[in-house]
$ cat upload-v8.txt   # compact mmCIF, C-alpha atoms
# COMPACT_ATOMS: atom_id res chain seq x y z
CA GLY M 1 -12.67 -9.12 9.54
CA GLN M 2 -10.47 -6.19 10.30
CA GLN M 3 -11.21 -3.13 8.23
CA VAL M 4 -9.32 0.10 7.96
CA MET M 5 -11.51 3.05 7.05
CA GLN M 6 -10.09 6.36 5.96
CA ILE M 7 -11.77 9.77 5.66
CA PRO M 8 -12.15 11.95 3.79
CA GLN M 9 -11.80 10.30 0.39
CA TYR M 10 -10.84 13.58 -1.24
CA GLN M 11 -9.59 16.91 0.06
CA HIS M 12 -8.89 20.01 -1.95
CA VAL M 13 -7.09 22.85 -0.20
CA GLN M 14 -5.54 26.18 -1.01
CA GLU M 15 -1.79 26.25 -0.66
CA GLY M 16 -0.93 27.26 2.89
CA GLU M 17 -4.04 25.71 4.44
CA ASP M 18 -3.83 22.78 6.82
CA PHE M 19 -4.93 19.24 5.96
CA THR M 20 -5.93 16.27 8.09
CA THR M 21 -6.80 12.70 7.18
CA TYR M 22 -8.24 10.19 9.62
CA CYS M 23 -7.90 6.44 9.82
CA ASN M 24 -10.17 4.17 11.87
CA SER M 25 -9.89 0.45 12.45
CA SER M 26 -12.62 -1.93 13.55
CA THR M 27 -10.08 -3.74 15.74
CA THR M 28 -7.15 -2.77 17.92
CA LEU M 29 -3.95 -2.48 15.92
CA SER M 30 -0.47 -3.45 17.04
CA ASN M 31 0.87 -0.68 14.83
CA ILE M 32 -0.18 1.61 12.03
CA GLN M 33 1.76 2.78 9.02
CA TRP M 34 1.32 5.75 6.71
CA TYR M 35 2.25 5.94 3.04
CA LYS M 36 2.19 8.62 0.37
CA GLN M 37 1.55 7.96 -3.29
CA ARG M 38 2.25 10.72 -5.78
CA PRO M 39 0.05 10.81 -8.92
CA GLY M 40 1.20 8.04 -11.27
CA GLY M 41 3.63 6.73 -8.68
CA HIS M 42 3.84 4.00 -6.11
CA PRO M 43 3.21 4.15 -2.36
CA VAL M 44 6.18 5.31 -0.32
CA PHE M 45 6.54 4.57 3.38
CA LEU M 46 6.31 7.62 5.63
CA ILE M 47 6.17 6.39 9.21
CA GLN M 48 5.08 3.68 11.63
CA LEU M 49 3.38 4.28 14.97
CA VAL M 50 3.43 1.59 17.63
CA LYS M 51 2.61 3.02 21.05
CA SER M 52 -0.76 4.08 22.37
CA GLY M 53 -1.11 7.87 22.14
CA GLU M 54 2.10 8.18 20.16
CA VAL M 55 2.77 11.42 18.28
CA LYS M 56 5.52 11.75 15.70
CA LYS M 57 6.52 14.70 13.55
CA GLN M 58 8.25 14.95 10.21
CA LYS M 59 8.73 18.61 9.37
CA ARG M 60 5.18 19.84 8.60
CA LEU M 61 3.61 16.39 9.03
CA THR M 62 2.25 15.26 12.41
CA PHE M 63 1.14 11.67 12.94
CA GLN M 64 -0.94 10.49 15.90
CA PHE M 65 -1.94 7.05 17.14
CA GLY M 66 -5.05 6.94 19.31
CA GLU M 67 -5.06 5.89 22.94
CA ALA M 68 -7.12 2.80 22.11
CA LYS M 69 -4.88 2.01 19.11
CA LYS M 70 -7.90 1.92 16.82
CA ASN M 71 -7.49 5.26 15.10
CA SER M 72 -4.81 7.48 13.71
CA SER M 73 -4.45 10.81 11.98
CA LEU M 74 -2.05 12.61 9.69
CA HIS M 75 -1.98 16.40 9.84
CA ILE M 76 -0.11 18.59 7.40
CA THR M 77 0.51 22.19 8.40
CA ALA M 78 0.62 24.87 5.70
CA THR M 79 0.29 22.60 2.70
CA GLN M 80 2.53 23.01 -0.31
CA THR M 81 2.07 21.83 -3.89
CA THR M 82 4.64 19.12 -3.19
CA ASP M 83 2.18 17.57 -0.72
CA VAL M 84 -0.16 16.56 -3.57
CA GLY M 85 -0.90 12.85 -3.63
CA THR M 86 -2.87 10.12 -1.94
CA TYR M 87 -2.17 9.29 1.69
CA PHE M 88 -2.81 5.76 2.90
CA CYS M 89 -2.90 4.29 6.36
CA ALA M 90 -2.30 0.57 6.83
CA GLY M 91 -2.68 -1.81 9.73
CA PRO M 92 -1.84 -5.48 10.17
CA ARG M 93 -4.70 -7.91 9.96
CA TYR M 94 -3.08 -11.00 11.48
CA ASN M 95 0.56 -10.05 11.28
CA ASN M 96 2.85 -7.47 9.73
CA ASN M 97 2.99 -9.48 6.52
CA ASP M 98 -0.75 -9.06 5.99
CA MET M 99 -1.19 -5.29 5.99
CA ARG M 100 -4.60 -3.93 5.15
CA PHE M 101 -4.70 -0.49 3.58
CA GLY M 102 -7.34 2.18 3.87
CA ALA M 103 -8.87 3.50 0.65
CA GLY M 104 -6.70 6.60 0.91
CA THR M 105 -7.27 10.34 1.01
CA ARG M 106 -6.46 12.12 -2.20
CA LEU M 107 -5.08 15.59 -1.55
CA THR M 108 -4.98 18.29 -4.18
CA VAL M 109 -3.42 21.69 -3.50
CA LYS M 110 -4.28 24.82 -5.41
CA PRO M 111 -1.35 27.24 -5.72
CA ASN J 1 20.45 -0.81 -5.14
CA ALA J 2 17.40 -1.26 -7.37
CA GLY J 3 14.93 -2.05 -4.56
CA VAL J 4 11.82 -3.73 -5.96
CA THR J 5 11.65 -4.19 -9.72
CA GLN J 6 8.42 -5.00 -11.51
CA THR J 7 7.97 -5.95 -15.14
CA PRO J 8 6.24 -5.20 -17.37
CA LYS J 9 5.08 -1.64 -16.64
CA PHE J 10 2.09 -1.92 -18.96
CA GLN J 11 0.21 -4.90 -20.38
CA VAL J 12 -2.95 -5.46 -22.38
CA LEU J 13 -4.47 -8.94 -22.34
CA LYS J 14 -7.42 -10.52 -23.98
CA THR J 15 -9.99 -12.28 -21.84
CA GLY J 16 -8.87 -15.83 -21.16
CA GLN J 17 -5.16 -15.23 -21.73
CA SER J 18 -2.65 -16.03 -19.04
CA MET J 19 0.44 -14.13 -18.05
CA THR J 20 3.00 -13.67 -15.30
CA LEU J 21 3.85 -10.39 -13.63
CA GLN J 22 7.45 -10.40 -12.50
CA CYS J 23 8.75 -9.01 -9.22
CA ALA J 24 12.30 -9.06 -7.93
CA GLN J 25 13.94 -7.44 -4.92
CA ASP J 26 17.61 -7.10 -4.03
CA MET J 27 17.26 -6.15 -0.36
CA ASN J 28 17.28 -9.72 0.97
CA HIS J 29 13.81 -9.21 2.46
CA GLU J 30 12.05 -12.37 3.54
CA TYR J 31 8.56 -10.95 3.19
CA MET J 32 7.01 -10.11 -0.15
CA SER J 33 3.46 -9.39 -1.24
CA TRP J 34 1.23 -8.48 -4.16
CA TYR J 35 -1.46 -5.81 -4.06
CA ARG J 36 -3.92 -4.55 -6.59
CA GLN J 37 -5.07 -0.96 -6.63
CA ASP J 38 -8.46 0.07 -7.95
CA PRO J 39 -10.02 3.56 -7.81
CA GLY J 40 -11.68 4.24 -4.48
CA MET J 41 -10.65 0.88 -3.03
CA GLY J 42 -7.11 1.48 -1.96
CA LEU J 43 -4.64 -1.39 -2.03
CA ARG J 44 -5.97 -4.90 -1.62
CA LEU J 45 -3.72 -7.80 -0.73
CA ILE J 46 -3.69 -10.67 -3.22
CA HIS J 47 -1.00 -13.05 -1.93
CA TYR J 48 2.00 -12.80 0.30
CA SER J 49 5.08 -14.83 1.18
CA VAL J 50 7.11 -15.00 4.38
CA GLY J 51 10.05 -16.70 2.73
CA ALA J 52 11.18 -19.00 -0.04
CA GLY J 53 8.76 -21.88 -0.45
CA ILE J 54 6.03 -20.30 1.71
CA THR J 55 3.04 -18.41 0.36
CA ASP J 56 -0.40 -17.51 1.68
CA GLN J 57 -3.61 -15.92 0.46
CA GLY J 58 -4.58 -12.36 1.11
CA GLU J 59 -7.88 -10.57 0.73
CA VAL J 60 -8.53 -11.14 -3.00
CA PRO J 61 -6.62 -14.27 -4.12
CA ASN J 62 -9.08 -15.75 -6.63
CA GLY J 63 -7.77 -15.92 -10.18
CA TYR J 64 -4.14 -15.51 -9.13
CA ASN J 65 -1.32 -17.90 -8.31
CA VAL J 66 2.06 -17.23 -6.76
CA SER J 67 5.22 -19.15 -5.99
CA ARG J 68 8.42 -18.26 -4.17
CA SER J 69 11.32 -20.40 -5.26
CA THR J 70 13.97 -17.84 -4.25
CA THR J 71 14.18 -15.00 -1.76
CA GLU J 72 14.56 -12.50 -4.60
CA ASP J 73 11.65 -13.38 -6.88
CA PHE J 74 7.91 -13.45 -6.33
CA PRO J 75 5.98 -13.76 -9.62
CA LEU J 76 2.21 -13.36 -9.85
CA ARG J 77 0.35 -15.50 -12.38
CA LEU J 78 -3.00 -14.71 -13.88
CA LEU J 79 -4.45 -18.04 -14.93
CA SER J 80 -7.26 -16.89 -17.22
CA ALA J 81 -7.52 -13.12 -17.40
CA ALA J 82 -10.91 -11.47 -16.87
CA PRO J 83 -11.92 -7.80 -17.31
CA SER J 84 -12.40 -7.61 -13.52
CA GLN J 85 -8.64 -8.05 -13.20
CA THR J 86 -7.99 -4.75 -14.95
CA SER J 87 -6.03 -2.89 -12.30
CA VAL J 88 -2.67 -1.57 -11.22
CA TYR J 89 -0.59 -4.25 -9.53
CA PHE J 90 2.08 -3.49 -6.97
CA CYS J 91 4.64 -5.84 -5.57
CA ALA J 92 6.18 -5.03 -2.21
CA SER J 93 8.90 -6.38 0.00
CA THR J 94 9.08 -5.82 3.72
CA ASP J 95 11.91 -5.13 6.07
CA SER J 96 11.64 -7.64 8.93
CA VAL J 97 12.93 -5.15 11.50
CA SER J 98 11.06 -1.94 10.67
CA HIS J 99 8.15 -3.69 8.90
CA SER J 100 8.10 -0.90 6.34
CA TYR J 101 6.96 -1.84 2.87
CA THR J 102 8.98 -0.99 -0.23
CA PHE J 103 6.82 -0.99 -3.32
CA GLY J 104 7.75 -1.54 -6.94
CA SER J 105 6.72 0.97 -9.58
CA GLY J 106 3.67 -1.08 -10.54
CA THR J 107 2.19 -2.86 -13.55
CA ARG J 108 -0.84 -1.34 -15.23
CA LEU J 109 -2.88 -4.24 -16.61
CA THR J 110 -5.86 -3.93 -18.93
CA VAL J 111 -7.96 -6.96 -19.82
CA VAL J 112 -10.21 -6.52 -22.83

$ encode --input "upload-v8.txt" --output "structure tokens"
Amino acid sequence: GQQVMQIPQYQHVQEGEDFTTYCNSSTTLSNIQWYKQRPGGHPVFLIQLVKSGEVKKQKRLTFQFGEAKKNSSLHITATQTTDVGTYFCAGPRYNNNDMRFGAGTRLTVKP
Amino acid sequence: NAGVTQTPKFQVLKTGQSMTLQCAQDMNHEYMSWYRQDPGMGLRLIHYSVGAGITDQGEVPNGYNVSRSTTEDFPLRLLSAAPSQTSVYFCASTDSVSHSYTFGSGTRLTVV
């Protein structure tokens, strides 16, 4: 079945450094979503990408959807301590009501 | 607007006990779902519902039951708790236009 793999599992950076997490699917996705979960919190929706090759930006965050719609990335420029948390990608298995999440990338930022 | 409300926040059960995790949303979303979160495994889908009276299994449905009698409520029942069900459980509802998920604050369940 469809699997969503995410790497790396952990990333520790110095404040001000850049950070990237990658998401790969075994099948073509109709869309991909990204979520952020702060320590002790719940996942919060960040963005959805739908089009092949799509790039979206939210301040220091840049999201990309691959041309083949099987991979995606989230890049954070000049990390801040407020970026700490786990970032998840999610793609639909059969439909948008059956979203499968990657294992997440846990980001820690050293001040 | 409360969003998605889950109760209880914490629960300890003995092996073999049953219980119901409550989930309610006030956004009039048709779609609701239950996930469990375990270290290193991300969020795994247990059951989901596309509307009142309609439910379906997700990735890890065994040991859990759901029902959807109203649009607002989507309770998750553990029939006979096992230590393997120790986890954090999240309920989510989904906007049918944007397909974004809104998660509740979670229930941390320990089965001893």

$ residues_around --input "upload-v8.txt" --residues "Lys51 of chain M" --least-positions-apart "6" --cutoff "9 Å" --atoms "all atoms listed in the file" --output "ChimeraX atom specification"
/M:30-31,65-67,69

$ residues_around --input "upload-v8.txt" --residues "Lys59 of chain M" --least-positions-apart "3" --cutoff "10 Å" --atoms "all atoms listed in the file" --output "CSV table (one decimal) with C-alpha atoms, in the frame of the given file"
chain,number,residue,atom,x,y,z
M,56,LYS,CA,5.5,11.8,15.7
M,62,THR,CA,2.2,15.3,12.4
M,76,ILE,CA,-0.1,18.6,7.4
M,77,THR,CA,0.5,22.2,8.4

$ closest_residue --input "upload-v8.txt" --among "J:Ser96, J:Thr86, J:Ser105, J:Ser33" --to "Thr15 of chain J" --atoms "only C-alpha atoms"
J:Thr86

$ closest_residue --input "upload-v8.txt" --among "J:Val112, J:Val88, J:Ala81, J:Val4" --to "Gly16 of chain J" --atoms "only C-alpha atoms"
J:Ala81

$ closest_residue --input "upload-v8.txt" --among "M:Gln64, M:Phe101, M:Lys110, M:Thr86" --to "His42 of chain M" --atoms "all atoms listed in the file"
M:Thr86

$ closest_residue --input "upload-v8.txt" --among "M:Tyr10, M:Asn96, M:Ile47, M:Gln37" --to "Val97 of chain J" --atoms "only C-alpha atoms"
M:Asn96

$ interface_residues --input "upload-v8.txt" --of "chain M" --to "chain J" --cutoff "8 Å" --atoms "only C-alpha atoms" --output "list in words"
Gln9, Gln33, Gly41, His42, Pro43, Val44, Phe45, Gln48, Phe88, Asn96, Asn97, Asp98, Met99, Arg100, Phe101, Gly102, Ala103 and Gly104 of chain M

$ closest_residue --input "upload-v8.txt" --among "M:Leu46, M:Pro39, M:Asn24, M:Pro92" --to "Ala68 of chain M" --atoms "only C-alpha atoms"
M:Asn24

$ closest_residue --input "upload-v8.txt" --among "M:Gly40, M:Ile7, M:Thr20, M:Gln80" --to "Thr107 of chain J" --atoms "only C-alpha atoms"
M:Gly40

$ atom_distance --input "upload-v8.txt" --atom1 "atom CA of Lys70 of chain M" --atom2 "atom CA of Ser25 of chain M"
5.0 Å

$ atom_distance --input "upload-v8.txt" --atom1 "atom CA of Thr79 of chain M" --atom2 "atom CA of Ser52 of chain M"
27.0 Å

$ atom_distance --input "upload-v8.txt" --atom1 "atom CA of Ala90 of chain M" --atom2 "atom CA of Pro8 of chain M"
15.4 Å
